[in-house]
Structure formats: C-alpha cells, structure tokens
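Source file: my_file39.txt. Holds: compact mmCIF, C-alpha atoms.
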```
# COMPACT_ATOMS: atom_id res chain seq x y z
CA MET A 22 -118.18 26.88 164.40
CA ILE A 23 -120.91 27.33 167.06
CA LYS A 24 -123.61 26.69 164.44
CA THR A 25 -121.94 23.43 163.40
CA HIS A 26 -121.59 22.44 167.05
CA LYS A 27 -125.30 23.02 167.73
CA LEU A 28 -126.36 21.28 164.53
CA LEU A 29 -124.21 18.24 165.38
CA LYS A 30 -125.60 18.20 168.94
CA TYR A 31 -129.25 18.11 167.84
CA LEU A 32 -128.56 15.74 164.96
CA SER A 33 -126.77 13.29 167.26
CA LEU A 34 -129.64 13.42 169.78
CA VAL A 35 -132.26 12.69 167.10
CA LEU A 36 -130.18 9.96 165.48
CA GLY A 37 -129.30 8.49 168.89
CA VAL A 38 -132.91 8.08 170.03
CA SER A 39 -133.89 6.79 166.55
CA SER A 40 -131.02 4.26 166.55
CA ILE A 41 -132.02 2.81 169.92
CA LEU A 42 -135.63 2.44 168.75
CA ILE A 43 -134.39 0.86 165.51
CA PHE A 44 -132.22 -1.61 167.46
CA ILE A 45 -135.26 -2.63 169.53
CA PHE A 46 -137.34 -3.05 166.34
CA GLU A 47 -134.59 -5.07 164.64
CA PHE A 48 -134.03 -7.41 167.59
CA VAL A 49 -137.78 -8.05 167.93
CA PHE A 50 -138.29 -8.47 164.19
CA LEU A 51 -135.26 -10.71 163.61
CA GLU A 52 -136.18 -12.86 166.60
CA SER A 53 -139.69 -13.31 165.15
CA ILE A 54 -138.46 -14.18 161.66
CA ARG A 55 -135.46 -16.37 162.60
CA PRO A 56 -137.37 -19.51 163.65
CA LYS A 57 -139.37 -19.38 160.40
CA MET A 58 -136.27 -19.03 158.23
CA ILE A 59 -134.42 -21.84 160.02
CA ILE A 60 -137.23 -24.35 159.31
CA PHE A 61 -137.83 -22.81 155.84
CA ASP A 62 -141.36 -21.73 156.75
CA GLU A 63 -142.89 -19.23 154.32
CA ILE A 64 -142.35 -15.53 155.02
CA THR A 65 -145.35 -13.24 154.57
CA SER A 66 -145.20 -10.25 152.20
CA GLN A 67 -145.46 -7.96 155.23
CA GLU A 68 -142.38 -9.56 156.81
CA ASP A 69 -140.57 -9.28 153.49
CA SER A 70 -141.26 -5.55 153.33
CA GLN A 71 -140.12 -5.21 156.97
CA LEU A 72 -136.76 -6.67 155.92
CA THR A 73 -136.31 -3.59 153.73
CA TRP A 74 -136.96 -1.43 156.81
CA VAL A 75 -134.20 -3.31 158.61
CA GLY A 76 -131.83 -2.17 155.85
CA MET A 77 -133.09 1.42 156.11
CA GLY A 78 -132.69 1.26 159.87
CA LEU A 79 -129.06 0.21 159.46
CA LEU A 80 -128.48 3.36 157.40
CA VAL A 81 -129.77 5.50 160.29
CA ILE A 82 -127.51 3.58 162.71
CA LEU A 83 -124.56 4.11 160.36
CA SER A 84 -125.26 7.86 160.30
CA PHE A 85 -125.51 7.92 164.10
CA TYR A 86 -122.08 6.29 164.51
CA PHE A 87 -120.61 8.70 161.97
CA VAL A 88 -122.00 11.81 163.70
CA SER A 89 -121.00 10.47 167.14
CA LEU A 90 -117.44 9.77 166.02
CA TRP A 91 -117.25 13.21 164.48
CA ARG A 92 -118.39 14.81 167.76
CA ILE A 93 -115.93 12.76 169.86
CA VAL A 94 -113.02 13.70 167.58
CA ARG A 95 -114.01 17.38 167.67
CA TYR A 96 -114.28 17.22 171.46
CA LEU A 97 -110.92 15.49 171.91
CA ARG A 98 -109.13 17.86 169.59
CA TYR A 99 -109.78 20.84 171.84
CA ALA A 100 -110.17 19.01 175.17
CA GLU A 101 -108.01 20.13 178.07
CA GLU A 102 -107.17 16.52 178.84
CA ILE A 103 -107.46 13.38 176.72
CA THR A 104 -108.81 10.46 178.71
CA PHE A 105 -108.24 6.84 177.75
CA SER A 106 -111.97 6.05 177.99
CA TYR A 107 -112.82 8.51 175.21
CA VAL A 108 -110.11 7.08 172.95
CA LEU A 109 -111.42 3.58 173.67
CA LEU A 110 -114.90 4.80 172.71
CA LEU A 111 -113.45 6.18 169.50
CA VAL A 112 -112.03 2.76 168.59
CA VAL A 113 -115.17 0.77 169.48
CA GLY A 114 -117.18 3.38 167.58
CA VAL A 115 -115.16 2.82 164.42
CA VAL A 116 -115.45 -0.95 164.85
CA SER A 117 -119.25 -0.63 165.34
CA PHE A 118 -119.41 1.58 162.24
CA LEU A 119 -117.61 -1.13 160.23
CA PHE A 120 -119.86 -3.80 161.73
CA VAL A 121 -122.89 -2.17 160.06
CA PHE A 122 -121.46 -3.37 156.72
CA ALA A 123 -120.99 -6.81 158.28
CA ASP A 124 -124.69 -6.74 159.35
CA VAL A 125 -125.77 -5.98 155.78
CA ALA A 126 -123.54 -8.73 154.34
CA LEU A 127 -124.71 -11.30 156.92
CA LEU A 128 -128.42 -10.51 156.45
CA GLN A 129 -128.05 -10.68 152.66
CA ASP A 130 -126.32 -14.08 153.00
CA ILE A 131 -129.08 -15.33 155.32
CA VAL A 132 -131.82 -14.30 152.84
CA LYS A 133 -129.93 -15.85 149.89
CA GLN A 134 -129.37 -19.11 151.75
CA TYR A 135 -133.01 -19.20 152.91
CA LYS A 136 -134.21 -18.76 149.31
CA ALA A 137 -131.80 -21.48 148.13
CA GLY A 138 -133.02 -23.83 150.87
CA LEU A 139 -129.67 -23.89 152.67
CA ALA A 140 -128.84 -23.69 156.39
CA GLN A 141 -128.07 -20.22 157.79
CA PRO A 142 -125.16 -20.44 160.25
CA GLU A 143 -124.75 -16.64 160.00
CA TRP A 144 -127.54 -16.20 162.61
CA SER A 145 -125.01 -17.07 165.32
CA LEU A 146 -122.91 -14.04 164.27
CA VAL A 147 -125.74 -11.52 163.76
CA TYR A 148 -126.82 -11.32 167.41
CA PRO A 149 -123.39 -10.86 169.09
CA ILE A 150 -122.42 -8.23 166.51
CA MET A 151 -125.70 -6.33 166.81
CA GLY A 152 -125.58 -6.66 170.60
CA PHE A 153 -122.11 -5.07 170.65
CA GLN A 154 -123.33 -2.30 168.33
CA ALA A 155 -126.41 -1.67 170.48
CA ILE A 156 -124.28 -1.31 173.65
CA VAL A 157 -121.97 1.17 171.87
CA ALA A 158 -125.00 3.07 170.52
CA LEU A 159 -126.45 3.27 174.05
CA ILE A 160 -123.18 4.66 175.44
CA PHE A 161 -122.97 7.20 172.61
CA ALA A 162 -126.60 8.23 173.12
CA TRP A 163 -125.96 8.64 176.86
CA LEU A 164 -122.92 10.87 176.10
CA HIS A 165 -125.04 13.06 173.82
CA ILE A 166 -127.98 13.27 176.23
CA THR A 167 -125.84 14.13 179.28
CA GLY A 168 -123.85 16.71 177.28
CA SER A 169 -120.52 15.06 178.12
CA LEU A 170 -119.16 16.13 174.75
CA SER A 171 -119.64 19.81 175.56
CA GLY A 172 -116.99 20.00 178.30
CA LYS A 173 -114.25 22.57 178.88
CA GLN A 174 -112.27 23.28 175.73
CA VAL A 175 -109.01 25.03 174.91
CA ASN A 176 -109.77 28.10 172.77
CA THR A 177 -107.18 27.95 170.04
CA VAL A 178 -104.26 25.64 169.44
CA ALA A 179 -101.66 26.73 166.93
CA LYS A 180 -99.73 23.48 167.07
CA ASP A 181 -101.82 20.44 167.72
CA SER A 182 -100.70 17.96 170.33
CA ASN A 183 -104.10 16.46 171.22
CA VAL A 184 -104.60 14.75 167.87
CA PHE A 185 -101.03 13.45 168.04
CA MET A 186 -101.84 11.90 171.43
CA ILE A 187 -105.17 10.50 170.18
CA VAL A 188 -103.34 8.73 167.34
CA GLN A 189 -100.97 7.14 169.87
CA TYR A 190 -103.80 5.96 172.16
CA VAL A 191 -105.69 4.53 169.18
CA GLY A 192 -102.43 2.84 168.13
CA ILE A 193 -102.09 1.21 171.56
CA ILE A 194 -105.65 -0.16 171.49
CA CYS A 195 -105.49 -1.33 167.85
CA GLY A 196 -101.98 -2.77 168.27
CA ALA A 197 -102.89 -4.71 171.43
CA ALA A 198 -106.21 -5.96 169.98
CA GLY A 199 -104.53 -6.95 166.71
CA LEU A 200 -101.78 -8.86 168.52
CA ALA A 201 -104.34 -10.60 170.74
CA SER A 202 -106.55 -11.63 167.81
CA ASN A 203 -103.60 -12.95 165.77
CA MET A 204 -102.18 -14.80 168.78
CA LEU A 205 -105.34 -16.94 168.67
CA GLY A 206 -103.84 -18.51 165.55
CA PHE A 207 -101.06 -19.98 167.71
CA LEU A 208 -103.37 -20.94 170.56
CA CYS A 209 -106.07 -22.61 168.41
CA PRO A 210 -104.36 -23.46 165.10
CA ARG A 211 -107.02 -26.02 164.10
CA SER A 212 -110.02 -23.69 164.24
CA TRP A 213 -107.99 -20.77 162.90
CA ASN A 214 -108.99 -19.51 159.46
CA PRO A 215 -106.36 -17.28 157.77
CA LEU A 216 -108.93 -15.27 155.78
CA ILE A 217 -111.49 -14.61 158.52
CA HIS A 218 -109.35 -14.51 161.65
CA SER A 219 -106.18 -12.99 160.34
CA VAL A 220 -106.89 -10.97 157.19
CA ILE A 221 -110.40 -9.61 157.95
CA GLY A 222 -109.71 -9.31 161.69
CA SER A 223 -106.49 -7.40 161.04
CA LEU A 224 -108.15 -5.11 158.50
CA ILE A 225 -110.97 -4.27 160.93
CA LEU A 226 -108.51 -3.59 163.75
CA ILE A 227 -106.08 -1.55 161.69
CA PHE A 228 -108.85 0.61 160.21
CA PRO A 229 -109.33 2.91 163.28
CA TYR A 230 -105.57 3.52 163.39
CA GLY A 231 -105.53 4.34 159.68
CA LEU A 232 -108.45 6.73 160.13
CA ALA A 233 -106.76 8.44 163.09
CA ILE A 234 -103.55 8.92 161.07
CA ALA A 235 -105.53 10.23 158.09
CA TYR A 236 -107.32 12.73 160.37
CA TRP A 237 -104.01 13.85 161.92
CA PHE A 238 -102.48 14.25 158.46
CA ILE A 239 -105.43 16.37 157.22
CA ILE A 240 -105.01 18.64 160.25
CA LYS A 241 -101.28 18.95 159.54
CA VAL A 242 -101.98 19.89 155.92
CA ASN A 243 -104.49 22.52 157.10
CA GLU A 244 -101.92 23.93 159.55
CA LYS A 245 -99.86 24.86 156.45
CA ASP A 246 -96.73 24.27 158.47
CA GLN A 247 -93.73 22.75 156.75
CA HIS A 248 -93.07 20.49 159.76
CA LEU A 249 -95.30 17.52 160.55
CA TYR A 250 -94.11 17.40 164.17
CA ASP A 251 -92.96 20.11 166.51
CA GLU A 252 -89.46 19.88 168.03
CA LYS A 253 -90.39 17.89 171.12
CA GLN A 254 -92.64 15.52 169.18
CA MET A 255 -89.84 14.93 166.68
CA LEU A 256 -87.50 13.97 169.51
CA ASP A 257 -90.13 11.66 171.05
CA VAL A 258 -90.92 10.03 167.70
CA GLY A 259 -87.19 9.48 167.07
CA ARG A 260 -86.69 7.85 170.47
CA SER A 261 -89.76 5.62 170.15
CA SER A 262 -88.77 4.61 166.60
CA PHE A 263 -85.39 3.46 167.88
CA LEU A 264 -87.03 1.59 170.76
CA THR A 265 -89.53 -0.01 168.34
CA MET A 266 -86.78 -1.13 165.98
CA ILE A 267 -84.74 -2.78 168.75
CA VAL A 268 -87.63 -4.48 170.59
CA SER A 269 -89.51 -5.66 167.48
CA SER A 270 -86.28 -7.05 165.96
CA VAL A 271 -85.66 -9.06 169.14
CA LEU A 272 -89.29 -10.28 169.26
CA MET A 273 -89.27 -11.33 165.61
CA LEU A 274 -85.95 -13.10 166.14
CA ILE A 275 -87.51 -15.02 169.04
CA LEU A 276 -90.55 -15.89 166.87
CA TYR A 277 -88.28 -17.06 164.06
CA SER A 278 -86.09 -19.14 166.38
CA ALA A 279 -89.08 -20.69 168.21
CA ASN A 280 -90.63 -21.79 164.89
CA PHE A 281 -87.41 -22.65 163.09
CA GLN A 282 -88.44 -26.29 162.73
CA ASN A 283 -91.83 -25.38 161.27
CA LEU A 284 -91.40 -22.16 159.29
CA GLU A 285 -93.88 -23.28 156.63
CA GLY A 286 -96.60 -23.68 159.27
CA ILE A 287 -98.79 -21.02 160.79
CA THR A 288 -95.83 -18.61 161.17
CA SER A 289 -95.52 -18.25 157.39
CA VAL A 290 -98.84 -16.33 157.37
CA LEU A 291 -98.92 -14.80 160.84
CA TRP A 292 -95.49 -13.14 160.83
CA LEU A 293 -96.77 -10.09 158.93
CA PRO A 294 -99.80 -9.18 161.14
CA LEU A 295 -97.77 -9.97 164.27
CA PHE A 296 -94.93 -7.75 163.06
CA MET A 297 -97.30 -4.95 162.00
CA PHE A 298 -99.30 -4.85 165.24
CA THR A 299 -96.13 -5.16 167.35
CA GLU A 300 -94.70 -2.13 165.54
CA ILE A 301 -97.90 -0.10 166.00
CA LEU A 302 -98.16 -1.02 169.69
CA LEU A 303 -94.51 -0.34 170.54
CA PHE A 304 -94.31 2.89 168.54
CA SER A 305 -97.50 4.26 170.11
CA LEU A 306 -96.47 3.17 173.62
CA GLY A 307 -93.05 4.78 173.13
CA ASN A 308 -94.58 8.06 171.96
CA ILE A 309 -96.98 8.19 174.90
CA TYR A 310 -94.20 7.32 177.36
CA TYR A 311 -91.78 9.97 176.10
CA SER A 312 -94.52 12.60 175.74
CA ASN A 313 -95.80 12.03 179.27
CA LYS A 314 -92.33 11.72 180.79
CA SER A 315 -91.91 15.49 180.82
CA LEU A 316 -95.28 15.91 182.51
CA ALA A 317 -94.17 13.81 185.49
CA GLN A 318 -92.18 16.68 186.94
CA MET B 28 -54.68 11.42 190.31
CA TYR B 29 -58.07 9.70 190.06
CA ILE B 30 -59.72 12.42 192.12
CA ILE B 31 -58.27 15.19 189.94
CA LEU B 32 -59.46 13.42 186.77
CA HIS B 33 -62.91 12.89 188.27
CA ILE B 34 -63.19 16.55 189.24
CA GLN B 35 -62.14 17.59 185.73
CA LEU B 36 -64.79 15.33 184.20
CA LEU B 37 -67.43 16.70 186.52
CA ARG B 38 -66.50 20.24 185.48
CA LEU B 39 -67.48 19.37 181.92
CA ILE B 40 -71.10 18.66 182.87
CA LEU B 41 -72.91 21.75 181.69
CA LYS B 42 -76.66 21.94 181.71
CA LEU B 43 -78.96 24.30 179.86
CA GLU B 44 -81.40 26.01 182.18
CA ASN B 45 -83.88 28.82 181.66
CA ASN B 46 -86.04 31.54 183.16
CA LEU B 47 -88.94 30.84 180.86
CA ARG B 48 -91.51 30.36 183.60
CA GLN B 49 -90.45 33.67 185.20
CA PHE B 50 -90.73 35.48 181.85
CA ARG B 51 -94.20 34.07 181.30
CA PHE B 52 -95.39 35.29 184.67
CA GLU B 53 -93.86 38.69 184.12
CA HIS B 54 -95.81 38.95 180.85
CA ASN B 55 -99.34 39.10 182.30
CA GLU B 56 -99.04 35.55 183.67
CA MET B 57 -99.41 34.12 180.21
CA THR B 58 -100.17 30.42 179.97
CA GLN B 59 -97.94 27.78 178.41
CA GLN B 60 -100.57 27.35 175.68
CA ASP B 61 -100.47 31.09 174.83
CA LEU B 62 -96.69 31.04 174.53
CA ALA B 63 -96.86 27.80 172.52
CA ASN B 64 -99.34 29.40 170.12
CA ALA B 65 -97.15 32.49 169.81
CA VAL B 66 -94.01 30.59 168.83
CA GLY B 67 -95.75 27.76 166.91
CA VAL B 68 -95.05 24.71 169.08
CA SER B 69 -97.21 22.48 171.28
CA ARG B 70 -97.91 23.21 174.94
CA LEU B 71 -96.01 20.06 175.90
CA THR B 72 -92.88 21.44 174.26
CA ILE B 73 -93.01 24.63 176.36
CA HIS B 74 -93.64 22.53 179.46
CA SER B 75 -90.69 20.26 178.64
CA ILE B 76 -88.38 23.25 178.13
CA GLU B 77 -89.42 24.80 181.46
CA THR B 78 -88.83 21.56 183.35
CA GLY B 79 -85.47 21.03 181.66
CA LYS B 80 -86.54 17.85 179.89
CA PHE B 81 -85.98 19.25 176.44
CA ASN B 82 -83.36 21.59 174.99
CA PRO B 83 -84.91 23.81 172.30
CA SER B 84 -83.30 24.40 168.92
CA THR B 85 -81.53 27.66 168.14
CA LEU B 86 -84.49 28.73 166.02
CA LEU B 87 -87.03 28.13 168.78
CA SER B 88 -84.80 29.80 171.40
CA LEU B 89 -84.54 32.87 169.17
CA LYS B 90 -88.30 32.88 168.56
CA ILE B 91 -88.99 32.79 172.32
CA ALA B 92 -86.42 35.49 173.06
CA ASN B 93 -87.78 37.62 170.22
CA TYR B 94 -91.31 37.22 171.57
CA PHE B 95 -90.29 38.53 174.99
CA GLY B 96 -88.06 41.22 173.42
CA VAL B 97 -84.89 40.07 175.17
CA SER B 98 -81.72 38.27 174.13
CA VAL B 99 -81.49 34.46 174.18
CA GLU B 100 -78.97 34.62 177.05
CA ASP B 101 -81.50 36.43 179.23
CA ILE B 102 -83.75 33.38 179.09
CA PHE B 103 -81.38 30.48 178.49
CA PHE B 104 -78.09 30.00 180.31
CA LEU B 105 -75.59 27.26 181.07
CA VAL B 106 -75.16 25.95 184.59
CA ASP B 107 -71.97 24.13 185.48
CA LYS B 108 -73.42 21.09 187.24
CA GLY B 109 -69.90 19.85 188.01
CA THR B 110 -69.11 22.90 190.10
CA GLU B 111 -72.42 22.57 191.92
CA GLN B 112 -71.47 19.08 193.09
```

Target encoding structure tokens, full file:
Amino acid sequence: MIKTHKLLKYLSLVLGVSSILIFIFEFVFLESIRPKMIIFDEITSQEDSQLTWVGMGLLVILSFYFVSLWRIVRYLRYAEEITFSYVLLLVVGVVSFLFVFADVALLQDIVKQYKAGLAQPEWSLVYPIMGFQAIVALIFAWLHITGSLSGKQVNTVAKDSNVFMIVQYVGIICGAAGLASNMLGFLCPRSWNPLIHSVIGSLILIFPYGLAIAYWFIIKVNEKDQHLYDEKQMLDVGRSSFLTMIVSSVLMLILYSANFQNLEGITSVLWLPLFMFTEILLFSLGNIYYSNKSLAQ
Amino acid sequence: MYIILHIQLLRLILKLENNLRQFRFEHNEMTQQDLANAVGVSRLTIHSIETGKFNPSTLLSLKIANYFGVSVEDIFFLVDKGTEQ
C-alpha cells in the first residue's frame, strides 16, 4: 500500500513535469507549423518527424492524467472530508483525459486535409482544447508538487461512504453540465448539430459519471457484502428516487406541453439527453441533501 | 371533547431514542468510525442514529447491542413525546 503510494507519487511528479514541457513544445511547434499548413506551404522532413513526437507527447500526457486521476480517487476514498473542488477536478480530469483522443483525431484530420489540399477548420478547435488540458495539467502538477494529495486519511473503512458521496458530486457536475450543453439546442437551434452538440457532448459528459459508478461498483464487489448500500444510504437513495421521479415527471410534462405544437422539432431528439441529465442531477442532489441532512445537527 | 382527542393523539407520538453516544464514550471513547467498522455500516449511519435522524433496523440494533455486550433496550428506548408536551 505504502509502496504503491510512493511509486504513484514519484511517477506523477515525473509525468507532470514532462507533460508541462510537452505542452510547451506542442504549442510552439503547432504554432510554427500552422501558418504553413493553412497556405499549403511544404513541410520539411524534420517537421514531419516532429509531428510523430507530438503524438508520443500526447501519450505521456494521457498517462499523466490517468495517474493523477488514480491518485485523486485514492485520496478521496480515505479522505476525512470530501471537498467539492476535488470532485470538480476529478470531472475536469476525466474530460481532459478524453480530450487527448480528440486531439489525436483533430490532428489526424488536419494532416489528411492538408495532404488533400483542403482547408483545415479543425485548427480553431485544437487550441481551446489543448489550452483547457494544459490548465488542468498545471493544476494537477501543482497538487502533486505541493503534496496536497498526501493529506490526513482515515485508516480503515469497513463500509465505504466516501465513494458513494463522490459518485453523487460527480453526478451533480455531469448532470448540470449535460443539461446546460443540451439547453443550447433550444437557445441556438440553427447552429445546433445533433451529432456533435448532443450525442458527442452528452457522451463526454456522462463518461465521468459512468466511471465513478463503475469504480463504486468494483469497491462494492470487493467488500464482499451482500448489500450495495448500508441502511442509511438505502433510505436516502429511496427518498431521492421518489423525489427524482416526481420532479422529473413534472419537468418532462412541462417540456411536452410547451412543445406540443412542434413535437417533431428539436424536442424529438433532445428529450432523451434532457431527461437523462435531469434524472442524474436530481438523484445526485437528493442523495447529497439527505446524506448531509443528518450532519446538520 | 376536542382537547381530550388531541391529548390522546399526542400520547401516541412515540420516538425512538438511544444512549449510543454514551456507550461509545464508556468504551474507551471509541469513534463513530470505529463503531461503524465494527458493525459494518458507514460512519454517517452511526451519526444519524445518534442524532435521532435514522431508526436502525432490528438487525443493526442487535449488532450494536451485541458489540457492547448489553441488551437492545439498554441502548434503544421509546420516549413518549406526547407526555413530554
């Protein structure tokens, strides 16, 4: 346990420093190559080989996010108190991790389009995504360097409540972000693309919640207990399920009534993500509310 | 008539209370987490029982009583809230 902790600590430090250097290299390199590719100027063989290093660098960055997420989850599992900022970091970390695959796909598209003599609109997406990833990587590196993930821990926990709470916090963030992103479909229906904005956006935002549930489930299986929840959690989950059913039914009824004249419009696609993220948000909020209610006294 | 009925209704309000906190302190000031680990529930559940926010199941009550080596009634008892008012 201690060996793994030390190994993860050193590994995250090395990967963290490497990732920041790689980000600097990639920003400088991409900024030098972009003007050439836009005007279809010839790329030198040296620049071509450096493109391979960009791909290798992304692998290091991917590993850094993975190790960082692993350390944050380990820290939160035995932490005396779960803070919202750490859960938020967990979510942005998962999103950054997924964005590495987006980086690879975008860069591949850019190269293909350059070779085919086509315009490369993907450049406008590469920088904001990599900028977001670089900020997250800097925060993670700072956490590793300052030793913030080595705080006070509870020794042993027979029945886990921290992971249960983490899942709920992740649910709140993913549910709210998913609702907000799908609401854009109503606000800007003309520029709204069902595949990109709704399907891909929803998949990216639901992924951290799915991961958190999978992690919680693995822990439950390892506990070898026949009950998934303990008594209090079961009561809280029951209450929040009832609350979720009532509120989401009312909200969906309002959505249906408001769009009754145009049910074949944007609502015909958006009802599912809206319903799903509403359920996740309400259920998670309910669980947090009922769990924390007893702490108020 | 109304007053008599009201008093009778109040008399039916029974609340489950407990000496759990006292038992913990008498057992080497054990923490909620230690007791939770011993009986296989989360710390929040023990906290909720102590503050009267959650009534434990028969099984959990027996587990707690068994852990302290006393009967369930020594830890958990009913308080007639109607009489108190």

Taking all atoms listed in the file into account and nothing else, which residues of chain B lie no more than 12 Å away from chain A? Please answer as a PDB file with C-alpha atoms, in the coordinates of the input.
```
ATOM      1  CA  THR B  58    -100.170  30.420 179.970  1.00  0.00           C
ATOM      2  CA  GLN B  59     -97.940  27.780 178.410  1.00  0.00           C
ATOM      3  CA  GLN B  60    -100.570  27.350 175.680  1.00  0.00           C
ATOM      4  CA  ASP B  61    -100.470  31.090 174.830  1.00  0.00           C
ATOM      5  CA  LEU B  62     -96.690  31.040 174.530  1.00  0.00           C
ATOM      6  CA  ALA B  63     -96.860  27.800 172.520  1.00  0.00           C
ATOM      7  CA  ASN B  64     -99.340  29.400 170.120  1.00  0.00           C
ATOM      8  CA  ALA B  65     -97.150  32.490 169.810  1.00  0.00           C
ATOM      9  CA  VAL B  66     -94.010  30.590 168.830  1.00  0.00           C
ATOM     10  CA  GLY B  67     -95.750  27.760 166.910  1.00  0.00           C
ATOM     11  CA  VAL B  68     -95.050  24.710 169.080  1.00  0.00           C
ATOM     12  CA  SER B  69     -97.210  22.480 171.280  1.00  0.00           C
ATOM     13  CA  ARG B  70     -97.910  23.210 174.940  1.00  0.00           C
ATOM     14  CA  LEU B  71     -96.010  20.060 175.900  1.00  0.00           C
ATOM     15  CA  THR B  72     -92.880  21.440 174.260  1.00  0.00           C
ATOM     16  CA  ILE B  73     -93.010  24.630 176.360  1.00  0.00           C
ATOM     17  CA  HIS B  74     -93.640  22.530 179.460  1.00  0.00           C
ATOM     18  CA  SER B  75     -90.690  20.260 178.640  1.00  0.00           C
ATOM     19  CA  ILE B  76     -88.380  23.250 178.130  1.00  0.00           C
ATOM     20  CA  GLU B  77     -89.420  24.800 181.460  1.00  0.00           C
ATOM     21  CA  THR B  78     -88.830  21.560 183.350  1.00  0.00           C
ATOM     22  CA  GLY B  79     -85.470  21.030 181.660  1.00  0.00           C
ATOM     23  CA  LYS B  80     -86.540  17.850 179.890  1.00  0.00           C
ATOM     24  CA  PHE B  81     -85.980  19.250 176.440  1.00  0.00           C
ATOM     25  CA  ASN B  82     -83.360  21.590 174.990  1.00  0.00           C
ATOM     26  CA  PRO B  83     -84.910  23.810 172.300  1.00  0.00           C
ATOM     27  CA  SER B  84     -83.300  24.400 168.920  1.00  0.00           C
ATOM     28  CA  THR B  85     -81.530  27.660 168.140  1.00  0.00           C
ATOM     29  CA  LEU B  86     -84.490  28.730 166.020  1.00  0.00           C
ATOM     30  CA  LEU B  87     -87.030  28.130 168.780  1.00  0.00           C
ATOM     31  CA  SER B  88     -84.800  29.800 171.400  1.00  0.00           C
TER      32      SER B  88
END
```

For A:Pro149, the nearest of the candidates A:Phe48, A:Ala201, A:Leu208, A:Phe87, counting only C-alpha atoms: A:Phe48

For stretch 79-89 of chain B, take all atoms listed in the file, fit an axis-aligned box around them, add 3 Å to each of the six sides, then output centre and edge lengths in Å rounded to one decimal, as AutoDock Vina command-line options.
```
--center_x -84.3 --center_y 25.4 --center_z 173.8 --size_x 11.5 --size_y 21.0 --size_z 21.6
```

For atom CA of A:Ser171 and atom CA of A:Tyr96, the interatomic separation in Å (one decimal): 7.2 Å

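Taking atom CA of A:Met58 and atom CA of A:Gln141 as endpoints, the distance between them is 8.3 Å.
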
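Counting only C-alpha atoms, the residue from B:Val99, B:Val106, B:Ile91, B:Met57 that sits nearest to B:Lys42 is B:Val106.
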
Interatomic distance (Å, one decimal) between atom CA of A:Val108 and atom CA of A:Ile194: 8.6 Å

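Using only C-alpha atoms, the contacts of A:Leu276 at a cut-off of 12 Å, with sequence neighbours closer than 6 positions omitted, comprise A:Met204, A:Phe207, A:Ser269, A:Ser270, A:Gln282, A:Asn283, A:Leu284, A:Ile287, A:Thr288, A:Ser289, A:Leu291, A:Trp292, A:Leu293, A:Leu295, A:Phe296.
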
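Considering the residues A:Ile156, A:Leu34, A:Ile60, A:Val184 and counting all atoms listed in the file, A:Ile240 has its shortest atom-to-atom contact with A:Val184.
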
Long-range neighbours of stretch 122-135 of chain A as a PyMOL selection string, 12 Å cut-off, only C-alpha atoms, 3 positions minimum in chain: chain A and resi 47+51+54-64+69+72-73+75-80+82-83+115-119+138-154+221+225

Residues near B:Phe50, cut-off 8 Å, only C-alpha atoms, skip fewer than 3 positions along chain, as a PyMOL selection string: chain B and resi 46-47+53-54+95+102

Based on the selection just made, write C-alpha atoms of those residues as a PDB file, in the frame of the given file.
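As a result, part.pdb now contains:
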```pdb
ATOM      1  CA  ASN B  46     -86.040  31.540 183.160  1.00  0.00           C
ATOM      2  CA  LEU B  47     -88.940  30.840 180.860  1.00  0.00           C
ATOM      3  CA  GLU B  53     -93.860  38.690 184.120  1.00  0.00           C
ATOM      4  CA  HIS B  54     -95.810  38.950 180.850  1.00  0.00           C
ATOM      5  CA  PHE B  95     -90.290  38.530 174.990  1.00  0.00           C
ATOM      6  CA  ILE B 102     -83.750  33.380 179.090  1.00  0.00           C
TER       7      ILE B 102
END
```
